[in-house]
Structure formats: structure tokens, C-alpha cells
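What follows is one structure encoded as C-alpha cells, with my remarks underneath.
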There are 2 protein chains.
Amino acid sequence: MPHQATTKYIDVNGIRTAYRRLGQTGGTPLLLLQHFTGTMDNWDPAVLQPLAAQRPLILLDNAGVGSSHGETPDNVDDMTVHTIAFIEALDLKRIDVLGFSLGSFIAQQIAQRRPELLRKVILVGGCPPGQGAATFHKVIADIADKSGADVLLQLFFTPSKASQALGMEFVQRLSFRDERGPNPQQQVFTAQYLAIVGWCESVFDAAALHGIPHPVLVVQGSNDTMFPTPQSVRLFESLPNAQLSLYPDSGHASLFQHPALFTEQANYFLTAQ
Amino acid sequence: MPHQATTKYIDVNGIRTAYRRLGQTGGTPLLLLQHFTGTMDNWDPAVLQPLAAQRPLILLDNAGVGSSHGETPDNVDDMTVHTIAFIEALDLKRIDVLGFSLGSFIAQQIAQRRPELLRKVILVGGCPPGQGAATFHKVIADIADKSGADVLLQLFFTPSKASQALGMEFVQRLSFRDERGPNPQQQVFTAQYLAIVGWCESVFDAAALHGIPHPVLVVQGSNDTMFPTPQSVRLFESLPNAQLSLYPDSGHASLFQHPALFTEQANYFLTAQ
């Protein structure tokens with residue numbers, strides 16, 4: 001199973017950085033950038049497998065997260081710097097990137113600062129800068145007394161019976177992996193929280209988004225509460241070459257609720273001329 | 001070529017009604033309902049062929065349009081009644097429907113009145129009732145001094161060089177068919193114009209849309225001027241089981257500008273469990 005890929009380490013500016021490679025050996029690699037408090041173990045095998053069948057995948061624990069050493073920065077800028085340094089440390093010349101949630105912020109930043117490193121971009125559960133700080137504070141406050149799977153079910157799926165059932169299937173799929181890295185600690189939570197709030201409170205810069213030249217696939221659930229769905233519509237409207245997909249009865253983790261639909265669309269998008 | 005299917009006729013409530021069947025013989029048939037002033041000849045072969053490769057297709061000239069006899073009604077209700085009678089005259093028990101523009105209005109009406117006749121619904125360049133009358137008046141006034149391909153290029157594509165070039169390719173593909181039906185006359189234009197304005201000026205009924213139980217794929221261009229893109233977002237938000245796809249740098253005829261992407265998504269949607 002591709003999800004069982006071994007964890008490797010590489011020195012990135014003095015930080016021992018954990019990553020995994022899986023899937024095809026030829027073709028443009030797809031780098032996956034993970035969500036708030038997520039590690040490489042939080043990628044759904046039902047998403048990884050169909051993607052890995054058609055292309056090389058690279059999973060990353062950013063600085064301080066999961067199996068990586070170092071401290072998690074409290075801002076998206078420094079996370080972006082580390083991610084770019086990681087891409088260069090692996091000597092990758094041009095890749096595709098899939099950024100989910102916080103990962104989508106980093107993907108937007110790489111696309112603006114180092115456009116030549118990227119071929120195509122997928123933004124899932126995303127948000128442009130300058131949007132949604134109040135919403136984010138509230139949804140995180142609402143999970144203060146929850147833990148484990150309950151957090152994922154509340155933040156990632158809608159309250160509907162169907163969405164919650166698909167959420168449980170997702171949670172069960174995550175437990176398939178034998179060799180797991182450590183879970184993020186309080187420092188990661190606090191630093192990433194500050195980074196997200198900083199992103200949401202920064203200035204919306206339409207010109208910067210309009211300057212992103214890459215083909216972009218924007219994917220979102222119909223009812224995301226974390227980074228509300230209209231923010232993905234705004235991302236789509238602001239990007240000059242974007243395609244938008246909104247999925248039925250789904251929240252922040254639209255890609256994990258609808259893995260077959262998502263990987264069908266993602267593979268087609270990445271393969272199309 | 002599937003676009004060369006022979007025109008057939010069937011009596012529908014005393015009206016000699018023209019249609020064509022093409023594609024696979026097994027599986028759920030997909031009925032295609034055409035846009036304002038369009039006939040069966042206006043379906044893009046680049047859309048028909050990939051769809052026909054996977055399922056039976058049925059093209060229809062509604063009452064008074066193209067090769068069909070009768071008068072074109074000046075309201076969506078009567079168009080819907082005739083379409084339902086056509087489905088029953090062919091003894092079809094359960095079909096899929098693809099409604100484009102005016103055709104999407106009829107598809108919404110069939111889904112509400114005779115839900116048991118439909119399995120899945122695709123709405124392209126659509127609009128819920130009660131939206132967009134002022135916009136429609138204006139865009140039609142703006143083409144008063146244009147004719148032929150110029151009308152299609154202005155109404156269906158964006159002003160960008162890339163979109164106009166893809167529009168020209170579409171216009172050229174339409175001319176591939178040897179045996180063509182008659183073009184719509186002034187009565188069709190006037191009656192369909194009134195029907196569209198009546199639809200746009202009717203009452204938006206969120207509950208009626210929420211009552212449509214079918215899986216629905218809503219497709220639209222990024223910059224439709226005829227039925228502006230936010231109206232498709234509203235359709236998506238109002239339907240309980242819908243998926244939305246918005247395509248890059250495209251106008252009303254998103255499906256003809258991006259035929260490979262559209263047919264990939266439509267075939268996947270229609271085939272998925």
C-alpha cells in the first residue's frame with residue numbers, strides 16, 4: 001500500500017525534515033501540504049492511492065510537525081521558506097502541489113514567490129489572505145472540549161448523517177498505517193493557530209492572486225465552516241486560470257469525504273494538457 | 001460519427017416532433033435539451049461523441065423548433081409539458097437529462113413535476129427562476145446588429161483571445177454535419193425570448209429547488225454574461241444534492257469551450273454510484 005511508504009529524512013537549513021515518497025517514479029511529482037495540526041499520517045489512503053497510481057507523491061512534515069525536528073513557525077511566510085528549501089534540498093526542478101487548508105496558504109505563497117518551481121496547483125479547503133479570522137476563532141473555540149476523532153468529525157464534515165458516516169470511514173482509513181510518526185504537540189497547535197490567524201488578518205491582495213499564472217484547481221465542500229465555501233469561490237474568481245469544484249453536503253475535508261470524485265478530478269486536472 | 005444520426009419523428013400530442021438517437025444502445029439514456037434558438041444541429045460533436053461512447057443519447061427539437069412541427073410556446077411550463085409527453089411517447093421510464101441554458105429551465109421543471117422520470121440531472125449555463133431578467137434583456141439587445149457566428153462568439157464565449165479562438169473551433173465543429181434541419185424562425189426567437197423573460201421574472205422558490213432529490217451536476221463558465229455565474233452558484237446552494245463545476249475564462253457555453261473537461265466530468269458523474 002502506498003500509505004506504508006517509509007519515512008525518510010533530509011537536512012533542510014539545519015532542520016532534520018521528515019518526508020515520504022510513494023507512487024510512480026516517472027512524471028511530475030505532486031507535493032502534498034497538510035492541514036492545521038496534521039502530519040503525513042493524516043493523508044487519507046483513499047486519496048493517496050489513486051493519485052500515487054498515476055504520479056510520484058511526496059508527503060512532508062513541515063518544520064516542527066510530526067516526525068520533523070525544529071520549531072513550527074508562527075507565520076505562513078516562514079513555513080513557505082522552509083517548504084521551498086525542502087523542494088530545493090530534494091533537487092526538484094518543477095513540481096505540482098496540493099495544499100489542503102493551511103497547506104493551501106503555503107501553496108499560494110510558493111506560486112507567487114517561486115512560480116517557476118510549480119507546474120500546476122490544487123487548493124482544497126482554502127482561503128485567500130485577509131479572510132475569515134472571526135470564523136476561524138469561533139470554530140476552534142467550539143472544539144475546546146473535544147478530542148481525537150470527534151474533532152475531525154466536527155471540523156471536517158457536515159452535521160448530516162451521511163457526512164458523519166463518511167467521516168467515520170475516513171477516520172477508520174487513517175488507522176490503517178502501521179508505522180506512525182508522533183502526533184503534534186501544543187507548540188505546533190499554538191504556532192499554526194497564530195499563522196492561520198495572521199493569514200486571515202493580513203490584507204487581501206487581488207493583484208497578487210491575479211499574478212499567479214499556473215492552472216489551479218480549487219476544491220471545496222458545500223458547507224465548510226472552517227474556511228467558509230464563499231472564500232474558495234473568491235479564490236477562484238481572483239485567480240486568472242482556475243477551475244472550481246464544490247462537492248455535495250460536505251465540509252472542510254471535501255477531499256476525504258469524496259475521495260473517488262476528488263482523485264478523479266485531480267488526476268484529470270494534473271494530466272490534461 | 002454520432003453527430004450524423006438520422007432525424008426521426010414521433011407524434012407527441014398531435015405535434016410531429018423531431019429527435020435523434022445516437023450512442024450506446026444499453027444503459028440509461030441521456031436526453032439533451034437545447035439553448036435559446038438552438039436546434040439539434042447546435043450540439044457540439046466534441047461533446048456528443050465522448051458522451052455517446054458511454055451511453056445512449058437522445059437529441060430533441062422541442063415543439064416549433066428546427067425540424068419539429070407546431071408552435072414554440074412562450075413559456076417554460078408548456079415546453080416542459082411537451083418534453084414530458086415526448087419522453088412518454090418514446091416509452092422511456094427513467095432517463096438522465098442535460099439541460100443547457102433554456103434547456104436547464106425545462107430540466108429543473110421536469111425534476112420537480114415528474115421526479116420519477118429522472119435519475120440524474122446536469123444543468124449547464126443555468127439559472128433558477130426569478131433571476132436575471134434585466135441582464136438577459138441587455139445581452140440580447142447588444143447582439144441586435146450581429147448575425148451567425150458573431151452572435152455565438154459574443155453570447156457564448158468571453159472576449160479573451162483564447163476564449164474567442166476556442167469559440168471559432170466550436171463554430172467550425174458545428175458545420176461538420178451534412179444533413180441539417182431548418183434554422184429557427186422569428187416565431188421561435190420571440191416565443192423563447194418571452195419564455196426566458198417569464199422564467200427570470202417569476203418567483204425564486206428555494207423550497208421547490210430544495211425538493212429536487214436527484215444528484216445534480218451544475219456547470220458554468222467563470223464569466224457568463226447571459227445568465228451570470230453567481231446564479232449557478234445559487235442553483236448549487238439551493239439544491240440538496242448538487243455538485244458545482246466552474247470552468248476557467250469561459251462564458252455561457254462552458255461545455256463547448258471545454259468539451260474534454262466537461263465530458264470527463266459529465267461521464268464520471270453519470271456513471272458514479
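In the C-alpha cells, each chain is lettered A, B, ... as it comes, each chain's residues begin at 1, and ligands are numbered from 1 in order of appearance.
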Counting only C-alpha atoms, a student should be able to say which residues of chain A come within 6 Å of chain B; what is the right answer, written as a PDB file with N, CA and C atoms, in the first residue's frame?
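Okay, result-v6.pdb is ready:
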```
ATOM      1  N   ASN A 241      -6.466  31.628 -13.975  1.00  0.00           N
ATOM      2  CA  ASN A 241      -6.608  30.375 -14.719  1.00  0.00           C
ATOM      3  C   ASN A 241      -7.037  29.250 -13.785  1.00  0.00           C
ATOM      4  N   ALA A 242      -8.192  29.446 -13.165  1.00  0.00           N
ATOM      5  CA  ALA A 242      -8.638  28.478 -12.160  1.00  0.00           C
ATOM      6  C   ALA A 242      -9.922  27.791 -12.585  1.00  0.00           C
ATOM      7  N   GLN A 243     -10.110  26.627 -12.018  1.00  0.00           N
ATOM      8  CA  GLN A 243     -11.293  25.801 -12.190  1.00  0.00           C
ATOM      9  C   GLN A 243     -11.796  25.526 -10.781  1.00  0.00           C
ATOM     10  N   LEU A 244     -13.112  25.579 -10.572  1.00  0.00           N
ATOM     11  CA  LEU A 244     -13.671  25.395  -9.226  1.00  0.00           C
ATOM     12  C   LEU A 244     -14.541  24.151  -9.181  1.00  0.00           C
ATOM     13  N   SER A 245     -14.372  23.365  -8.122  1.00  0.00           N
ATOM     14  CA  SER A 245     -15.269  22.231  -7.881  1.00  0.00           C
ATOM     15  C   SER A 245     -15.781  22.298  -6.459  1.00  0.00           C
ATOM     16  N   LEU A 246     -17.107  22.352  -6.301  1.00  0.00           N
ATOM     17  CA  LEU A 246     -17.727  22.296  -4.980  1.00  0.00           C
ATOM     18  C   LEU A 246     -18.517  20.992  -4.883  1.00  0.00           C
ATOM     19  N   TYR A 247     -18.331  20.294  -3.744  1.00  0.00           N
ATOM     20  CA  TYR A 247     -18.899  18.956  -3.588  1.00  0.00           C
ATOM     21  C   TYR A 247     -20.136  18.973  -2.696  1.00  0.00           C
ATOM     22  N   PRO A 248     -21.043  17.996  -2.897  1.00  0.00           N
ATOM     23  CA  PRO A 248     -22.313  17.991  -2.150  1.00  0.00           C
ATOM     24  C   PRO A 248     -22.131  17.711  -0.656  1.00  0.00           C
TER      25      PRO A 248
END
```
Backbone-only DSSP, strand (DSSP E or B) members of region 7-229 of chain B, as a ChimeraX atom specification: /B:8-12,15-23,30-33,56-60,95-100,118-124,216-221
Å distance separating CA of Leu98 (chain A) from CA of Leu235 (chain A), one decimal place: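 Computed distance, CA of Leu98 (chain A) to CA of Leu235 (chain A), equals 15.0 Å.
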Residue contacts of Arg177 (chain B) (12 Å, only C-alpha atoms) excluding same-chain residues fewer than 4 positions away, as an NGL selection string: :B and (1-6 or 40-45 or 171-173 or 181)
Close residues, region 71-85 of chain A itself excluded, 6 Å, only C-alpha atoms, min 6 positions apart in chain, as a ChimeraX atom specification: /A:63-64,106,188,191-192,194-195
Dump of all heavy atoms for the selected residues, as a PDB file, in the first residue's frame:
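Result file is selection.pdb:
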```pdb
ATOM      1  N   ALA A  63       8.489  22.001   9.234  1.00  0.00           N
ATOM      2  CA  ALA A  63       9.365  22.182  10.402  1.00  0.00           C
ATOM      3  C   ALA A  63       8.564  22.102  11.705  1.00  0.00           C
ATOM      4  O   ALA A  63       7.545  22.777  11.856  1.00  0.00           O
ATOM      5  CB  ALA A  63      10.079  23.526  10.306  1.00  0.00           C
ATOM      6  N   GLY A  64       9.020  21.246  12.606  1.00  0.00           N
ATOM      7  CA  GLY A  64       8.386  21.130  13.919  1.00  0.00           C
ATOM      8  C   GLY A  64       7.183  20.209  13.979  1.00  0.00           C
ATOM      9  O   GLY A  64       6.683  19.898  15.063  1.00  0.00           O
ATOM     10  N   ILE A 106       0.292  27.991   2.052  1.00  0.00           N
ATOM     11  CA  ILE A 106       1.697  27.840   1.655  1.00  0.00           C
ATOM     12  C   ILE A 106       1.795  27.673   0.136  1.00  0.00           C
ATOM     13  O   ILE A 106       2.660  28.267  -0.515  1.00  0.00           O
ATOM     14  CB  ILE A 106       2.322  26.636   2.402  1.00  0.00           C
ATOM     15  CG1 ILE A 106       2.270  26.887   3.922  1.00  0.00           C
ATOM     16  CG2 ILE A 106       3.755  26.375   1.932  1.00  0.00           C
ATOM     17  CD1 ILE A 106       2.638  25.670   4.763  1.00  0.00           C
ATOM     18  N   VAL A 188       2.995  23.068  18.176  1.00  0.00           N
ATOM     19  CA  VAL A 188       2.515  23.070  16.793  1.00  0.00           C
ATOM     20  C   VAL A 188       1.137  23.724  16.721  1.00  0.00           C
ATOM     21  O   VAL A 188       0.875  24.586  15.863  1.00  0.00           O
ATOM     22  CB  VAL A 188       2.443  21.626  16.235  1.00  0.00           C
ATOM     23  CG1 VAL A 188       1.829  21.626  14.844  1.00  0.00           C
ATOM     24  CG2 VAL A 188       3.824  20.992  16.224  1.00  0.00           C
ATOM     25  N   ALA A 191       1.480  27.573  17.371  1.00  0.00           N
ATOM     26  CA  ALA A 191       2.171  28.288  16.288  1.00  0.00           C
ATOM     27  C   ALA A 191       1.328  28.292  15.011  1.00  0.00           C
ATOM     28  O   ALA A 191       1.177  29.331  14.348  1.00  0.00           O
ATOM     29  CB  ALA A 191       3.534  27.645  16.031  1.00  0.00           C
ATOM     30  N   GLN A 192       0.744  27.136  14.665  1.00  0.00           N
ATOM     31  CA  GLN A 192      -0.067  27.083  13.440  1.00  0.00           C
ATOM     32  C   GLN A 192      -1.334  27.920  13.594  1.00  0.00           C
ATOM     33  O   GLN A 192      -1.794  28.538  12.632  1.00  0.00           O
ATOM     34  CB  GLN A 192      -0.418  25.633  13.086  1.00  0.00           C
ATOM     35  CG  GLN A 192       0.796  24.831  12.591  1.00  0.00           C
ATOM     36  CD  GLN A 192       0.404  23.474  12.041  1.00  0.00           C
ATOM     37  OE1 GLN A 192      -0.673  22.950  12.341  1.00  0.00           O
ATOM     38  NE2 GLN A 192       1.287  22.895  11.231  1.00  0.00           N
ATOM     39  N   LEU A 194      -1.588  30.685  15.302  1.00  0.00           N
ATOM     40  CA  LEU A 194      -1.160  32.078  15.082  1.00  0.00           C
ATOM     41  C   LEU A 194      -0.908  32.333  13.593  1.00  0.00           C
ATOM     42  O   LEU A 194      -1.230  33.408  13.068  1.00  0.00           O
ATOM     43  CB  LEU A 194       0.098  32.387  15.887  1.00  0.00           C
ATOM     44  CG  LEU A 194      -0.105  32.457  17.403  1.00  0.00           C
ATOM     45  CD1 LEU A 194       1.238  32.570  18.119  1.00  0.00           C
ATOM     46  CD2 LEU A 194      -1.016  33.638  17.773  1.00  0.00           C
ATOM     47  N   ALA A 195      -0.320  31.352  12.922  1.00  0.00           N
ATOM     48  CA  ALA A 195      -0.025  31.514  11.491  1.00  0.00           C
ATOM     49  C   ALA A 195      -1.323  31.678  10.692  1.00  0.00           C
ATOM     50  O   ALA A 195      -1.414  32.525   9.794  1.00  0.00           O
ATOM     51  CB  ALA A 195       0.765  30.306  10.978  1.00  0.00           C
TER      52      ALA A 195
END
```
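As for CA of Thr39 (chain A) and CA of Thr17 (chain A), they are spaced 12.2 Å apart.
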Who sits within 8 Å of Phe204 (chain B), only C-alpha atoms, same chain under 3 positions skipped, as a count of residues only: 4
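The protein and nucleic acid residues lying at most 12 Å from Leu90 (chain A) are Lys8, Tyr9, Ile10, Asp11, Val12, Thr17, Ala18, Tyr19, Arg20, Arg21, Pro29, Leu31, Ile58, Leu60, Thr83, Ile84, Ala85 and Ile95 of chain A, with only C-alpha atoms considered and sequence neighbours fewer than 5 positions away removed.
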